[in-house]
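Since the structure comes first, as structure tokens, the remarks are kept for the end.
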Amino acid sequence: MSKTESATLRLDGDARTFTLAVGQSILDAAMDQGLAIDHACGGVCACSTCHVRVRAGLDCLSEASEDELDQLDEARDSGLDSRLACQAKLTSMPKDGEVRIAIPKWNVNAVREGH
């Protein structure tokens with residue numbers, strides 16, 4: 001697998017498209033391309049502010065660690081498709097080439113305001 005492989009990253013409600021490279025976390029890809037996702041702890045899996053819902057491509061992301069699952073237990077609006085953007089890395093290419101995420105409604109204002 002080439003390190004240059006990348007998928008399209010889409011955010012529900014945002015017309016822009018972003019690139020997510022194999023081995024890259026959703027948070028790193030978002031921040032590199034101007035998509036602000038809150039991450040109060042600096043992206044070190046010490047909070048749940050970068051919680052996203054993965055609508056497509058979940059099976060192509062790294063497996064969640066126990067630390068990540070513990071943080072998600074504290075997150076509001078979490079579900080089976082929940083991941084921390086700082087921990088979820090693309091490990092294989094989705095069949096349709098796309099990973100689609102949604103930011104939970106309780107966190108949308110923080111993202112829009114750039115916090």
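Following the order of the structure tokens, chains are lettered A, B, ..., residues in each are numbered from 1, and ligands are numbered from 1.
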
Given only C-alpha atoms, how would the per-residue table for range 29-82 of chain A near range 7-18 of chain A read, listing every residue at most 9 Å away with its closest atom pair and distance in Å to one decimal, sorted by chain and number, as a Markdown table?
| residue | atom | partner | partner_atom | distance |
| --- | --- | --- | --- | --- |
| A:Ala29 | CA | A:Phe18 | CA | 7.6 |
| A:Ala30 | CA | A:Phe18 | CA | 7.3 |
| A:Gln33 | CA | A:Phe18 | CA | 6.9 |
| A:Leu35 | CA | A:Phe18 | CA | 8.5 |
| A:Arg55 | CA | A:Asp12 | CA | 8.7 |

Pull the strand (DSSP E) assignments for chain A out of DSSP run on the backbone, and list those residues as a ChimeraX atom specification.
/A:6-11,17-21,51-56,82-84,98-102

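Closest approach to Gln24 in chain A from the set A:Asp38, A:Asp81, A:Asp73, A:Glu5 is made by A:Glu5, with distances taken over only C-alpha atoms.
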
Which residues are close to range 87-91 of chain A, i.e. within 7 Å by only C-alpha atoms, leaving aside same-chain residues fewer than 4 positions away? Reply as a ChimeraX atom specification.
/A:21-26,45,60-62,83

Can you pull out every residue from chain A that DSSP, working from the backbone, puts in helix (DSSP H, G or I), and format the result as a ChimeraX atom specification?
/A:26-32,58-60,66-74,105-113

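Minimum distance to Ala40 in chain A across A:Asp67, A:Thr4, A:Gly57, A:Leu84 (counting only C-alpha atoms) occurs at A:Leu84.
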
For Leu80 in chain A, which residue out of A:Cys41, A:Lys105, A:Leu58, A:Asp32 is the nearest one, using only C-alpha atoms?
A:Leu58

Two-atom distance - CA of Arg100 in chain A, CA of Val54 in chain A (Å)
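One can read the CA of Arg100 in chain A to CA of Val54 in chain A distance as 6.0 Å.
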
Shell around Ala75 in chain A at 9 Å using only C-alpha atoms, local window under 3 positions removed, as a PDB file with C-alpha atoms, in the first residue's frame:
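Below is the file that was written, result11.pdb:
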ATOM      1  CA  CYS A  47     -10.853  14.534  26.122  1.00  0.00           C
ATOM      2  CA  SER A  48     -13.775  13.954  23.769  1.00  0.00           C
ATOM      3  CA  THR A  49     -14.096  17.370  22.110  1.00  0.00           C
ATOM      4  CA  HIS A  51     -15.805  13.410  18.752  1.00  0.00           C
ATOM      5  CA  GLN A  71     -13.129   9.029  26.321  1.00  0.00           C
ATOM      6  CA  LEU A  72     -16.097   8.241  24.082  1.00  0.00           C
ATOM      7  CA  SER A  78     -22.050   8.932  21.046  1.00  0.00           C
TER       8      SER A  78
END
